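J.: One file: query.cif (mmCIF, C-alpha atoms and all ligand atoms).
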```cif
data_structure
#
loop_
_atom_site.label_atom_id
_atom_site.label_comp_id
_atom_site.auth_asym_id
_atom_site.auth_seq_id
_atom_site.Cartn_x
_atom_site.Cartn_y
_atom_site.Cartn_z
CA MET A 1297 0.00 0.00 0.00
CA ARG A 1298 1.00 3.61 -0.51
CA ILE A 1299 0.31 5.72 2.54
CA LEU A 1300 0.34 9.52 2.69
CA ILE A 1301 0.93 11.05 6.10
CA THR A 1302 0.55 14.83 6.26
CA GLY A 1303 2.59 16.07 9.20
CA GLY A 1304 4.62 12.84 9.04
CA ALA A 1305 7.73 14.54 10.43
CA GLY A 1306 5.83 15.53 13.56
CA PHE A 1307 5.66 13.67 16.83
CA ILE A 1308 2.65 11.39 16.24
CA GLY A 1309 3.18 11.36 12.46
CA SER A 1310 6.70 9.97 12.68
CA HIS A 1311 5.57 7.05 14.86
CA LEU A 1312 2.85 6.31 12.31
CA VAL A 1313 5.49 6.45 9.55
CA GLU A 1314 7.50 3.83 11.42
CA ALA A 1315 4.52 1.52 11.92
CA HIS A 1316 3.56 1.60 8.24
CA LEU A 1317 7.17 1.06 7.11
CA GLU A 1318 7.34 -1.88 9.49
CA LYS A 1319 4.18 -3.25 7.89
CA GLY A 1320 5.88 -3.16 4.48
CA ASP A 1321 4.08 -0.13 3.03
CA GLU A 1322 5.49 2.75 1.00
CA VAL A 1323 5.20 5.92 3.05
CA TYR A 1324 4.91 9.45 1.64
CA ILE A 1325 5.33 12.41 3.97
CA ILE A 1326 4.44 16.04 3.41
CA ASP A 1327 5.50 18.37 6.19
CA ASP A 1328 6.51 22.04 6.26
CA LEU A 1329 8.62 21.42 9.38
CA SER A 1330 6.85 24.26 11.22
CA THR A 1331 6.69 22.14 14.36
CA GLY A 1332 7.94 18.81 12.94
CA SER A 1333 11.61 17.93 12.53
CA LEU A 1334 13.76 15.96 10.12
CA ASP A 1335 15.37 14.33 13.15
CA ASN A 1336 12.08 12.50 13.71
CA ILE A 1337 12.27 10.66 10.37
CA ALA A 1338 16.04 10.54 9.72
CA PRO A 1339 16.40 7.13 11.45
CA TYR A 1340 14.03 5.62 8.84
CA GLN A 1341 15.50 7.50 5.88
CA ASN A 1342 18.91 6.10 6.88
CA ASN A 1343 17.73 2.57 7.60
CA ASN A 1344 18.50 0.05 4.83
CA ARG A 1345 15.23 -1.81 5.42
CA TYR A 1346 13.15 1.33 4.94
CA LYS A 1347 15.03 3.87 2.88
CA LYS A 1348 13.65 2.85 -0.50
CA ARG A 1349 10.06 3.07 0.80
CA ILE A 1350 10.07 6.47 2.53
CA PHE A 1351 9.55 9.67 0.55
CA PHE A 1352 9.70 13.09 2.17
CA GLN A 1353 8.62 16.43 0.76
CA ARG A 1354 9.12 19.68 2.67
CA GLU A 1355 6.03 21.55 1.62
CA SER A 1356 2.88 23.17 2.94
CA ILE A 1357 -0.35 21.20 2.69
CA LEU A 1358 -1.83 24.35 1.18
CA ASN A 1359 0.27 23.76 -1.96
CA HIS A 1360 -2.35 22.45 -4.37
CA GLU A 1361 0.03 20.94 -6.94
CA ALA A 1362 2.04 19.01 -4.36
CA MET A 1363 -1.10 17.64 -2.71
CA LEU A 1364 -2.67 16.78 -6.04
CA GLU A 1365 0.29 14.62 -6.95
CA LEU A 1366 0.65 12.94 -3.56
CA ILE A 1367 -3.03 12.13 -3.02
CA GLY A 1368 -3.19 10.97 -6.63
CA ILE A 1369 -0.56 8.26 -6.07
CA CYS A 1370 -1.42 7.14 -2.53
CA ASP A 1371 -4.09 4.67 -1.37
CA MET A 1372 -4.99 6.38 1.87
CA VAL A 1373 -4.29 9.62 3.70
CA TYR A 1374 -3.71 10.25 7.39
CA HIS A 1375 -4.16 13.98 7.83
CA LEU A 1376 -2.13 14.95 10.87
CA ALA A 1377 -0.60 18.23 9.65
CA ALA A 1378 -1.93 21.04 11.80
CA ALA A 1379 -0.92 23.88 14.02
CA VAL A 1380 -0.59 22.21 17.43
CA GLY A 1381 0.16 23.15 21.02
CA VAL A 1382 -1.52 25.88 23.04
CA GLN A 1383 1.58 28.08 23.00
CA TYR A 1384 2.03 27.76 19.23
CA ILE A 1385 -1.62 28.65 18.57
CA LEU A 1386 -1.42 31.72 20.83
CA ASP A 1387 1.79 32.85 19.11
CA ASN A 1388 0.58 32.19 15.53
CA PRO A 1389 -3.22 32.62 15.50
CA LEU A 1390 -3.70 33.51 11.84
CA GLU A 1391 -1.38 30.87 10.43
CA SER A 1392 -2.97 28.25 12.70
CA ILE A 1393 -6.53 28.96 11.59
CA LYS A 1394 -5.51 28.99 7.92
CA ILE A 1395 -3.60 25.71 8.02
CA ASN A 1396 -6.25 23.92 10.08
CA ILE A 1397 -9.25 25.00 8.03
CA GLN A 1398 -7.91 25.36 4.48
CA GLY A 1399 -5.45 22.46 4.79
CA THR A 1400 -8.12 19.99 5.87
CA GLU A 1401 -10.51 21.17 3.17
CA LYS A 1402 -7.79 20.54 0.58
CA VAL A 1403 -7.21 16.99 1.85
CA LEU A 1404 -10.95 16.26 1.79
CA GLU A 1405 -11.47 17.76 -1.65
CA LEU A 1406 -8.60 15.80 -3.22
CA CYS A 1407 -9.44 12.52 -1.43
CA THR A 1408 -12.95 12.86 -2.85
CA LYS A 1409 -11.61 13.61 -6.34
CA PHE A 1410 -9.34 10.51 -6.32
CA LYS A 1411 -11.64 8.33 -4.16
CA LYS A 1412 -9.04 7.78 -1.43
CA LYS A 1413 -9.68 6.95 2.22
CA ALA A 1414 -8.96 9.71 4.75
CA LEU A 1415 -8.44 9.91 8.48
CA ILE A 1416 -8.68 13.39 9.96
CA ALA A 1417 -6.96 14.16 13.26
CA SER A 1418 -9.13 16.33 15.47
CA SER A 1419 -8.54 17.11 19.12
CA SER A 1420 -9.99 16.83 22.61
CA GLU A 1421 -9.86 20.66 22.57
CA VAL A 1422 -13.08 20.41 20.54
CA TYR A 1423 -14.94 19.65 23.80
CA GLY A 1424 -14.37 23.23 24.94
CA LYS A 1425 -15.39 24.27 28.45
CA HIS A 1426 -16.90 21.50 30.46
CA LEU A 1427 -16.96 20.33 34.04
CA HIS A 1428 -17.86 16.68 33.64
CA ALA A 1429 -16.06 13.44 32.86
CA PRO A 1430 -15.85 11.30 30.88
CA LEU A 1431 -16.27 13.21 27.62
CA VAL A 1432 -18.49 11.43 25.12
CA GLU A 1433 -18.37 12.08 21.36
CA THR A 1434 -22.02 13.25 21.35
CA ASP A 1435 -21.61 15.78 24.21
CA ASN A 1436 -22.77 19.37 23.77
CA ILE A 1437 -19.95 21.90 23.70
CA VAL A 1438 -19.44 25.46 24.96
CA TYR A 1439 -16.58 27.75 23.95
CA GLY A 1440 -15.21 31.00 25.35
CA PRO A 1441 -15.54 34.27 23.42
CA SER A 1442 -13.60 34.96 20.23
CA SER A 1443 -11.47 37.51 22.12
CA LYS A 1444 -9.80 34.54 23.83
CA PHE A 1445 -7.63 33.00 21.17
CA ARG A 1446 -7.25 29.64 22.79
CA TRP A 1447 -10.72 28.80 21.47
CA SER A 1448 -9.70 29.41 17.85
CA TYR A 1449 -7.99 26.02 17.82
CA ALA A 1450 -11.07 24.21 19.13
CA ALA A 1451 -13.33 26.07 16.71
CA SER A 1452 -11.05 25.33 13.72
CA LYS A 1453 -10.89 21.63 14.58
CA LEU A 1454 -14.67 21.52 15.03
CA MET A 1455 -15.06 23.12 11.61
CA ASP A 1456 -12.73 20.41 10.20
CA GLU A 1457 -15.06 17.79 11.67
CA PHE A 1458 -18.14 19.43 10.13
CA THR A 1459 -16.41 19.67 6.76
CA ALA A 1460 -15.28 16.03 6.87
CA LEU A 1461 -18.77 14.83 7.83
CA ALA A 1462 -20.28 16.92 5.02
CA TYR A 1463 -17.89 15.30 2.50
CA PHE A 1464 -18.93 11.89 3.86
CA ARG A 1465 -22.66 12.64 3.63
CA ASN A 1466 -22.80 14.63 0.44
CA LYS A 1467 -19.86 13.38 -1.61
CA GLY A 1468 -19.54 9.77 -0.45
CA LEU A 1469 -15.97 10.21 0.85
CA TRP A 1470 -14.63 7.46 3.16
CA VAL A 1471 -13.47 9.57 6.06
CA THR A 1472 -13.09 8.96 9.77
CA ILE A 1473 -12.32 11.51 12.50
CA VAL A 1474 -10.33 11.04 15.69
CA ARG A 1475 -10.31 13.32 18.72
CA LEU A 1476 -6.85 12.83 20.18
CA PHE A 1477 -6.46 13.38 23.92
CA ASN A 1478 -3.05 14.22 25.42
CA THR A 1479 -0.77 11.90 23.44
CA VAL A 1480 2.76 11.53 24.77
CA GLY A 1481 5.94 9.58 24.12
CA PRO A 1482 9.45 9.79 22.73
CA ARG A 1483 10.22 12.69 20.33
CA GLN A 1484 7.49 14.98 21.60
CA THR A 1485 9.01 18.41 22.14
CA GLY A 1486 8.29 20.66 25.09
CA ALA A 1487 8.94 23.71 22.92
CA TYR A 1488 5.25 24.34 22.23
CA GLY A 1489 4.03 23.92 25.79
CA MET A 1490 3.42 20.15 26.10
CA VAL A 1491 3.63 19.31 29.76
CA VAL A 1492 5.27 15.85 29.85
CA PRO A 1493 8.43 16.63 27.84
CA ARG A 1494 8.70 19.98 29.63
CA PHE A 1495 8.58 18.43 33.09
CA VAL A 1496 11.02 15.67 32.10
CA GLU A 1497 13.52 18.18 30.66
CA GLN A 1498 13.20 20.42 33.71
CA ALA A 1499 13.69 17.45 36.06
CA LEU A 1500 16.75 16.16 34.21
CA ASP A 1501 18.27 19.65 34.40
CA ASN A 1502 17.40 19.84 38.12
CA LYS A 1503 15.41 23.02 37.40
CA PRO A 1504 12.04 23.83 39.01
CA LEU A 1505 9.05 22.10 37.40
CA THR A 1506 6.67 24.84 36.26
CA VAL A 1507 3.14 23.84 37.30
CA TYR A 1508 0.62 26.29 35.90
CA GLY A 1509 -2.26 27.50 38.06
CA ASP A 1510 -2.64 25.52 41.28
CA GLY A 1511 -1.89 22.13 39.68
CA THR A 1512 -5.33 20.67 40.47
CA GLN A 1513 -6.20 20.49 36.75
CA SER A 1514 -6.05 16.91 35.47
CA ARG A 1515 -5.43 15.00 32.27
CA THR A 1516 -5.14 11.42 31.02
CA PHE A 1517 -2.05 10.66 28.94
CA THR A 1518 -1.93 8.11 26.13
CA TYR A 1519 1.20 6.49 24.75
CA VAL A 1520 1.88 7.40 21.15
CA LYS A 1521 2.33 3.79 20.03
CA ASP A 1522 -1.10 2.86 21.42
CA VAL A 1523 -2.55 5.80 19.49
CA VAL A 1524 -0.83 4.73 16.26
CA GLU A 1525 -2.23 1.20 16.58
CA ALA A 1526 -5.71 2.66 16.97
CA LEU A 1527 -5.33 4.93 13.94
CA MET A 1528 -4.26 2.00 11.75
CA ALA A 1529 -7.09 -0.20 12.98
CA LEU A 1530 -9.65 2.54 12.31
CA MET A 1531 -8.45 2.88 8.72
CA GLU A 1532 -9.23 -0.81 8.24
CA ALA A 1533 -12.64 -0.68 9.93
CA ASP A 1534 -15.40 -0.15 7.36
CA ALA A 1535 -17.86 1.09 9.99
CA ALA A 1536 -15.50 3.93 10.99
CA ALA A 1537 -16.54 5.97 7.93
CA GLY A 1538 -18.49 9.11 8.83
CA GLU A 1539 -17.84 8.66 12.56
CA VAL A 1540 -15.97 10.55 15.27
CA TYR A 1541 -13.89 8.66 17.87
CA ASN A 1542 -12.13 9.69 21.08
CA ILE A 1543 -8.67 8.19 21.47
CA GLY A 1544 -7.23 8.64 24.93
CA GLY A 1545 -6.09 7.15 28.19
CA THR A 1546 -8.05 6.19 31.27
CA GLU A 1547 -5.59 6.96 34.10
CA GLU A 1548 -6.47 10.47 35.32
CA ILE A 1549 -3.78 12.45 37.10
CA THR A 1550 -3.53 16.05 38.34
CA ILE A 1551 -0.69 18.13 36.93
CA MET A 1552 0.71 18.53 40.46
CA ASP A 1553 0.85 14.75 40.92
CA LEU A 1554 2.39 14.40 37.46
CA ALA A 1555 5.16 16.80 38.48
CA LYS A 1556 5.80 14.77 41.65
CA ARG A 1557 5.85 11.49 39.67
CA VAL A 1558 8.42 12.91 37.23
CA ILE A 1559 10.63 14.14 40.07
CA ASP A 1560 10.46 10.72 41.81
CA LEU A 1561 11.12 8.80 38.62
CA THR A 1562 14.16 10.83 37.64
CA GLY A 1563 15.56 11.12 41.17
CA SER A 1564 15.84 14.84 40.46
CA SER A 1565 16.56 17.54 43.02
CA SER A 1566 14.04 19.84 41.28
CA THR A 1567 11.41 21.72 43.24
CA ILE A 1568 7.88 22.54 42.06
CA GLN A 1569 7.15 26.13 41.11
CA LEU A 1570 3.55 27.32 40.79
CA VAL A 1571 3.23 29.72 37.84
CA PRO A 1572 0.03 31.80 37.54
CA TYR A 1573 -1.69 31.33 34.17
CA GLU A 1574 -1.35 35.00 33.27
CA LYS A 1575 2.43 34.67 33.60
CA ALA A 1576 2.59 31.43 31.60
CA PHE A 1577 0.23 32.54 28.84
CA VAL A 1578 -1.68 35.71 28.01
CA LYS A 1579 -4.03 37.60 30.32
CA ASP A 1580 -7.47 35.93 30.77
CA PHE A 1581 -6.13 32.55 29.61
CA GLU A 1582 -8.57 29.73 30.28
CA ASP A 1583 -7.31 26.22 30.95
CA MET A 1584 -9.34 23.05 30.81
CA HIS A 1585 -9.72 21.86 34.39
CA ARG A 1586 -10.32 18.23 33.60
CA ARG A 1587 -10.07 16.19 30.44
CA VAL A 1588 -11.00 12.52 30.53
CA PRO A 1589 -12.29 10.66 27.48
CA SER A 1590 -14.94 8.02 27.20
CA ILE A 1591 -13.37 5.36 25.00
CA GLU A 1592 -16.43 3.12 24.83
CA LYS A 1593 -17.14 3.90 21.18
CA ILE A 1594 -13.70 3.01 19.81
CA LYS A 1595 -13.45 0.03 22.17
CA LYS A 1596 -16.68 -1.34 20.73
CA LEU A 1597 -15.46 -0.95 17.15
CA ILE A 1598 -11.82 -2.09 17.26
CA GLY A 1599 -11.32 -3.26 20.86
CA PHE A 1600 -9.06 -0.28 21.64
CA GLU A 1601 -7.69 -0.06 25.12
CA PRO A 1602 -4.54 1.85 26.14
CA LYS A 1603 -1.88 -0.77 26.92
CA THR A 1604 0.90 1.39 28.30
CA ASP A 1605 0.60 2.70 31.87
CA LEU A 1606 1.77 6.15 32.94
CA ASP A 1607 4.98 4.99 34.68
CA THR A 1608 6.09 3.13 31.55
CA ILE A 1609 5.21 6.13 29.39
CA LEU A 1610 7.18 8.46 31.65
CA SER A 1611 10.26 6.21 31.78
CA ASN A 1612 10.25 5.92 27.99
CA VAL A 1613 10.08 9.71 27.69
CA VAL A 1614 12.90 10.07 30.24
CA ASP A 1615 15.10 7.67 28.21
CA SER A 1616 14.32 9.52 25.00
CA VAL A 1617 15.05 12.98 26.45
CA LYS A 1618 18.34 11.63 27.87
CA ARG A 1619 19.29 10.32 24.40
CA GLN A 1620 18.42 13.68 22.79
CA LYS A 1621 20.53 15.55 25.33
CA LYS A 1622 23.51 13.28 24.60
CA ASN A 1623 23.22 13.93 20.85
CA ARG A 1624 23.02 17.72 21.22
N1 LIG B 1701 1.16 22.72 32.05
C1 LIG B 1701 1.90 23.03 33.18
N2 LIG B 1701 3.20 23.35 33.03
C2 LIG B 1701 3.84 23.38 31.80
C3 LIG B 1701 3.07 23.04 30.65
C4 LIG B 1701 1.74 22.72 30.82
O1 LIG B 1701 1.38 23.03 34.32
O2 LIG B 1701 5.05 23.67 31.75
C5 LIG B 1701 -0.27 22.34 32.23
C6 LIG B 1701 -1.25 23.07 31.31
O3 LIG B 1701 -1.66 24.29 31.86
C7 LIG B 1701 -2.39 22.05 31.24
C8 LIG B 1701 -1.67 20.70 31.31
O4 LIG B 1701 -0.39 20.99 31.88
O5 LIG B 1701 -3.24 22.17 32.34
C9 LIG B 1701 -1.50 20.01 29.96
O6 LIG B 1701 -0.88 20.93 29.09
P1 LIG B 1701 -0.45 20.56 27.59
O7 LIG B 1701 -0.02 21.84 26.93
O8 LIG B 1701 0.51 19.43 27.61
O9 LIG B 1701 -1.78 20.01 26.93
P2 LIG B 1701 -3.30 20.58 26.91
O10 LIG B 1701 -4.05 19.58 27.71
O11 LIG B 1701 -3.32 21.96 27.51
O12 LIG B 1701 -3.65 20.56 25.47
#
```
Please, can you express the file's structure as structure tokens?
T.:
Amino acid sequence: MRILITGGAGFIGSHLVEAHLEKGDEVYIIDDLSTGSLDNIAPYQNNNRYKKRIFFQRESILNHEAMLELIGICDMVYHLAAAVGVQYILDNPLESIKINIQGTEKVLELCTKFKKKALIASSSEVYGKHLHAPLVETDNIVYGPSSKFRWSYAASKLMDEFTALAYFRNKGLWVTIVRLFNTVGPRQTGAYGMVVPRFVEQALDNKPLTVYGDGTQSRTFTYVKDVVEALMALMEADAAAGEVYNIGGTEEITIMDLAKRVIDLTGSSSTIQLVPYEKAFVKDFEDMHRRVPSIEKIKKLIGFEPKTDLDTILSNVVDSVKRQKKNR
């Protein structure tokens, strides 16, 4: 099979690249390297088993000609290219909206033209402000005002979902949508705000771990390889077409407890520093207090269950950050 992965040089994308190469497929990657990195795919480009089956193009997904050619030759498309990370969105609001809305529309339009299967990566951000758990795909959603830019990401991803579902209903496109909850693992960078790599880097440097707010906010973290398995299984599941699925973990932890776990695991002498939200982000920033997915729907379809527990995830991230530091 020929697989196109937009954003394939990114954190999740590069793990998906590896899994499809391992399966024997030819893998095509389009990535503008805005948040992705060639270091993420270099090990495969330099590996004798894979190097003849991996093709990389540094290009924007908004480039019509490039996308026309790639979608034309591939059998299926995983659309992961997007502006990601709260900090990145706040720093680049216009670019983020453009890439998320116009980029996804391009993928959907061309997949329809060439009759190719598509998987669209959405986000748990789509759930907006809520106080309950677990979050179910059919839940109502409430967003903050448009003056608070954090919500632009949620709104753009929700628009992507509407557009994908409209292509499914009106144009007969085979498309499935996944709402990814905090996915973590080796190669994720802390540069755009992601908490796990940031805490691990801070702990290994024996610097204070920066817990935003009072640290009572909670998340569930899912290991990237578990997520990749789920994405591949969904692509093979006929009934996934025209549906939206949560993909996430089940082990809820507060950010304060996460910081303590990272300090324990690394044996670091770091302390914990509480940072008010207005110092970490912009004034009036709103964080999600709790974010726990219901995974009943995807479990019913493909038997998905996260296999990797938080301690294993964290030790794998620690090993990977240590390796990166050595190579710097
Ligand atoms: N966070 C934190 N310290 C950091 C980075 C993030 O306390 O250095 C918090 C952040 O405010 C949020 C949680 O960790 O409550 C998860 O943040 P991340 O950016 O990883 O993902 P989000 O769930 O916000 O998309």
J.: Using all atoms listed in the file, determine which residues lie at most 12 Å from A:Leu1390, disregarding the query and same-chain residues fewer than 5 positions distant; provide the list as a list in words.
T.: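 With the cut-off at 12 Å, the set is Ala1379, Tyr1384, Ile1385, Ile1395, Asn1396, Ile1397, Gln1398, Phe1445, Ser1448, Tyr1449 and Ser1452 of chain A.
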J.: For ligand LIG 1701 (chain B), return the neighbouring residues as a list in words (distance at most 6 Å; only C-alpha atoms and all ligand atoms).
T.: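 Those residues are Val1382, Asn1478, Gly1489, Met1490, Val1491, Arg1494, Thr1506, Val1507, Tyr1508, Gln1513, Ile1551 and Asp1583 of chain A.
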J.: I'd like the contact shell of A:Leu1427 - 10 Å cut-off, all atoms listed in the file, skipping same-chain residues fewer than 6 positions apart - returned as a list in words.
T.: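 Once the nearby chain positions are removed, what remains is Met1584, His1585, Arg1586 and Arg1587 of chain A.
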J.: Using all atoms listed in the file, which residue out of A:Arg1515, A:Lys1621, A:Lys1603, A:His1426 lies closest to A:Glu1582?
T.: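 Selected residue with least distance to A:Glu1582: A:His1426.
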J.: One decimal, Å: what's the distance from atom CA of A:Phe1458 over to atom CA of A:Asn1436, could you say?
T.: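 Distance between the two atoms: 14.4 Å.
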J.: What lies within 10 Å of A:Leu1530 using only C-alpha atoms, ignoring chain neighbours under 6 positions off, as an mmCIF file with C-alpha atoms, keeping the file's coordinate frame?
T.:
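The file below, out12.cif, is the result:
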```cif
data_model
loop_
_atom_site.group_PDB
_atom_site.id
_atom_site.type_symbol
_atom_site.label_atom_id
_atom_site.label_comp_id
_atom_site.auth_asym_id
_atom_site.auth_seq_id
_atom_site.Cartn_x
_atom_site.Cartn_y
_atom_site.Cartn_z
ATOM 1 C CA LEU A 1415 -8.440 9.910 8.480
ATOM 2 C CA THR A 1472 -13.090 8.960 9.770
ATOM 3 C CA ILE A 1473 -12.320 11.510 12.500
ATOM 4 C CA VAL A 1474 -10.330 11.040 15.690
ATOM 5 C CA VAL A 1524 -0.830 4.730 16.260
ATOM 6 C CA ALA A 1536 -15.500 3.930 10.990
ATOM 7 C CA ALA A 1537 -16.540 5.970 7.930
ATOM 8 C CA TYR A 1541 -13.890 8.660 17.870
ATOM 9 C CA ILE A 1594 -13.700 3.010 19.810
ATOM 10 C CA LEU A 1597 -15.460 -0.950 17.150
ATOM 11 C CA ILE A 1598 -11.820 -2.090 17.260
ATOM 12 C CA PHE A 1600 -9.060 -0.280 21.640
#
```
J.: Determine the nearest neighbour of A:Ile1357 from the options A:Val1403, A:Ala1338, A:Val1520, A:Leu1606, counting only C-alpha atoms.
T.: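 Smallest separation from A:Ile1357 among the options: A:Val1403.
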J.: Nearest to A:Tyr1346 among A:Lys1556, A:Ile1591, A:Glu1314, A:Ile1369, with distances taken over all atoms listed in the file: which residue is it?
T.: A:Glu1314
J.: Using all atoms listed in the file, can you tell me which of A:Arg1557, A:Lys1575, A:His1428, A:Arg1465 comes closest to A:Pro1589?
T.: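 The answer is A:His1428, which sits nearest to A:Pro1589.
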J.: Which is closer to A:Arg1298 than all the others in A:Phe1351, A:Ser1514, A:Glu1532, A:Gln1484, using all atoms listed in the file?
T.: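 Smallest distance to A:Arg1298 is found for A:Phe1351.
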J.: Nearest residue to A:Leu1317 out of A:Asn1343, A:Ser1564, A:Thr1550, A:Thr1485, using only C-alpha atoms?
T.: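 Checking each of A:Asn1343, A:Ser1564, A:Thr1550, A:Thr1485 against A:Leu1317, counting only C-alpha atoms, the winner is A:Asn1343.
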J.: Please compute the atom CA of A:Leu1312-atom CA of A:Ile1609 distance, one decimal, in Å.
T.: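 That distance, rounded to one decimal, is 17.2 Å.
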J.: Need to verify the contact set: A:Glu1322, 9 Å, only C-alpha atoms, exclusion of same-chain residues closer than 2 positions in sequence. Can you return it as a ChimeraX atom specification?
T.: /A:1297-1300,1316-1317,1320,1324,1346,1348-1351,1370
J.: Residues around (1.4, 12.9, 6.5), cut-off 6 Å, counting only C-alpha atoms - what are they as a PDB file with C-alpha atoms, in the frame of the given file?
T.:
```pdb
ATOM      1  CA  LEU A1300       0.340   9.520   2.690  1.00  0.00           C
ATOM      2  CA  ILE A1301       0.930  11.050   6.100  1.00  0.00           C
ATOM      3  CA  THR A1302       0.550  14.830   6.260  1.00  0.00           C
ATOM      4  CA  GLY A1303       2.590  16.070   9.200  1.00  0.00           C
ATOM      5  CA  GLY A1304       4.620  12.840   9.040  1.00  0.00           C
ATOM      6  CA  ILE A1325       5.330  12.410   3.970  1.00  0.00           C
ATOM      7  CA  ILE A1326       4.440  16.040   3.410  1.00  0.00           C
ATOM      8  CA  TYR A1374      -3.710  10.250   7.390  1.00  0.00           C
ATOM      9  CA  HIS A1375      -4.160  13.980   7.830  1.00  0.00           C
ATOM     10  CA  LEU A1376      -2.130  14.950  10.870  1.00  0.00           C
TER      11      LEU A1376
END
```
J.: Could you state the separation of atom CA of A:Glu1361 and atom CA of A:Asp1328 in Å, given to one decimal place?
T.: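 For atom CA of A:Glu1361 relative to atom CA of A:Asp1328, the distance reads 14.7 Å.
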J.: Can you tell me, as a PyMOL selection string, which residues sit within 10 Å of (17.1, 19.4, 38.9) in the file's frame, using only C-alpha atoms?
T.: chain A and resi 1496-1505+1559+1562-1567
J.: Which residues, written as an MDAnalysis selection string, have at least one atom at most 12 Å from A:Cys1407, with all atoms listed in the file counted and residues fewer than 2 positions away on the same chain left out?
T.: chainID A and resid 1300 1363:1375 1400:1405 1409:1416 1460 1463:1464 1467:1471
J.: Would you mind completing stretch 1438-1449 of chain A to N, CA, C and O atoms and writing the output as a PDB file, in the frame of the given file?
T.:
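Contents of selection_29.pdb, as written:
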```
ATOM      1  N   VAL A1438     -19.356  24.008  24.718  1.00  0.00           N
ATOM      2  CA  VAL A1438     -19.440  25.460  24.960  1.00  0.00           C
ATOM      3  C   VAL A1438     -18.029  26.031  24.845  1.00  0.00           C
ATOM      4  O   VAL A1438     -17.097  25.481  25.432  1.00  0.00           O
ATOM      5  N   TYR A1439     -17.886  27.111  24.075  1.00  0.00           N
ATOM      6  CA  TYR A1439     -16.580  27.750  23.950  1.00  0.00           C
ATOM      7  C   TYR A1439     -16.569  29.117  24.613  1.00  0.00           C
ATOM      8  O   TYR A1439     -17.615  29.714  24.844  1.00  0.00           O
ATOM      9  N   GLY A1440     -15.362  29.637  24.866  1.00  0.00           N
ATOM     10  CA  GLY A1440     -15.210  31.000  25.350  1.00  0.00           C
ATOM     11  C   GLY A1440     -15.382  31.966  24.180  1.00  0.00           C
ATOM     12  O   GLY A1440     -15.550  31.545  23.036  1.00  0.00           O
ATOM     13  N   PRO A1441     -15.332  33.270  24.476  1.00  0.00           N
ATOM     14  CA  PRO A1441     -15.540  34.270  23.420  1.00  0.00           C
ATOM     15  C   PRO A1441     -14.378  34.314  22.432  1.00  0.00           C
ATOM     16  O   PRO A1441     -13.280  33.855  22.735  1.00  0.00           O
ATOM     17  N   SER A1442     -14.640  34.932  21.265  1.00  0.00           N
ATOM     18  CA  SER A1442     -13.600  34.960  20.230  1.00  0.00           C
ATOM     19  C   SER A1442     -12.443  35.886  20.610  1.00  0.00           C
ATOM     20  O   SER A1442     -11.385  35.853  19.991  1.00  0.00           O
ATOM     21  N   SER A1443     -12.595  36.680  21.672  1.00  0.00           N
ATOM     22  CA  SER A1443     -11.470  37.510  22.120  1.00  0.00           C
ATOM     23  C   SER A1443     -10.406  36.651  22.804  1.00  0.00           C
ATOM     24  O   SER A1443      -9.269  37.061  22.978  1.00  0.00           O
ATOM     25  N   LYS A1444     -10.779  35.442  23.197  1.00  0.00           N
ATOM     26  CA  LYS A1444      -9.800  34.540  23.830  1.00  0.00           C
ATOM     27  C   LYS A1444      -9.339  33.534  22.792  1.00  0.00           C
ATOM     28  O   LYS A1444     -10.071  32.598  22.430  1.00  0.00           O
ATOM     29  N   PHE A1445      -8.085  33.733  22.348  1.00  0.00           N
ATOM     30  CA  PHE A1445      -7.630  33.000  21.170  1.00  0.00           C
ATOM     31  C   PHE A1445      -7.464  31.503  21.349  1.00  0.00           C
ATOM     32  O   PHE A1445      -7.418  30.746  20.391  1.00  0.00           O
ATOM     33  N   ARG A1446      -7.390  31.075  22.580  1.00  0.00           N
ATOM     34  CA  ARG A1446      -7.250  29.640  22.790  1.00  0.00           C
ATOM     35  C   ARG A1446      -8.370  28.892  22.055  1.00  0.00           C
ATOM     36  O   ARG A1446      -8.165  27.804  21.533  1.00  0.00           O
ATOM     37  N   TRP A1447      -9.563  29.500  22.021  1.00  0.00           N
ATOM     38  CA  TRP A1447     -10.720  28.800  21.470  1.00  0.00           C
ATOM     39  C   TRP A1447     -10.686  28.706  19.950  1.00  0.00           C
ATOM     40  O   TRP A1447     -11.466  27.974  19.353  1.00  0.00           O
ATOM     41  N   SER A1448      -9.781  29.454  19.319  1.00  0.00           N
ATOM     42  CA  SER A1448      -9.700  29.410  17.850  1.00  0.00           C
ATOM     43  C   SER A1448      -9.283  28.006  17.398  1.00  0.00           C
ATOM     44  O   SER A1448      -9.715  27.510  16.360  1.00  0.00           O
ATOM     45  N   TYR A1449      -8.452  27.370  18.189  1.00  0.00           N
ATOM     46  CA  TYR A1449      -7.990  26.020  17.820  1.00  0.00           C
ATOM     47  C   TYR A1449      -9.162  25.039  17.877  1.00  0.00           C
ATOM     48  O   TYR A1449      -9.400  24.276  16.935  1.00  0.00           O
TER      49      TYR A1449
END
```
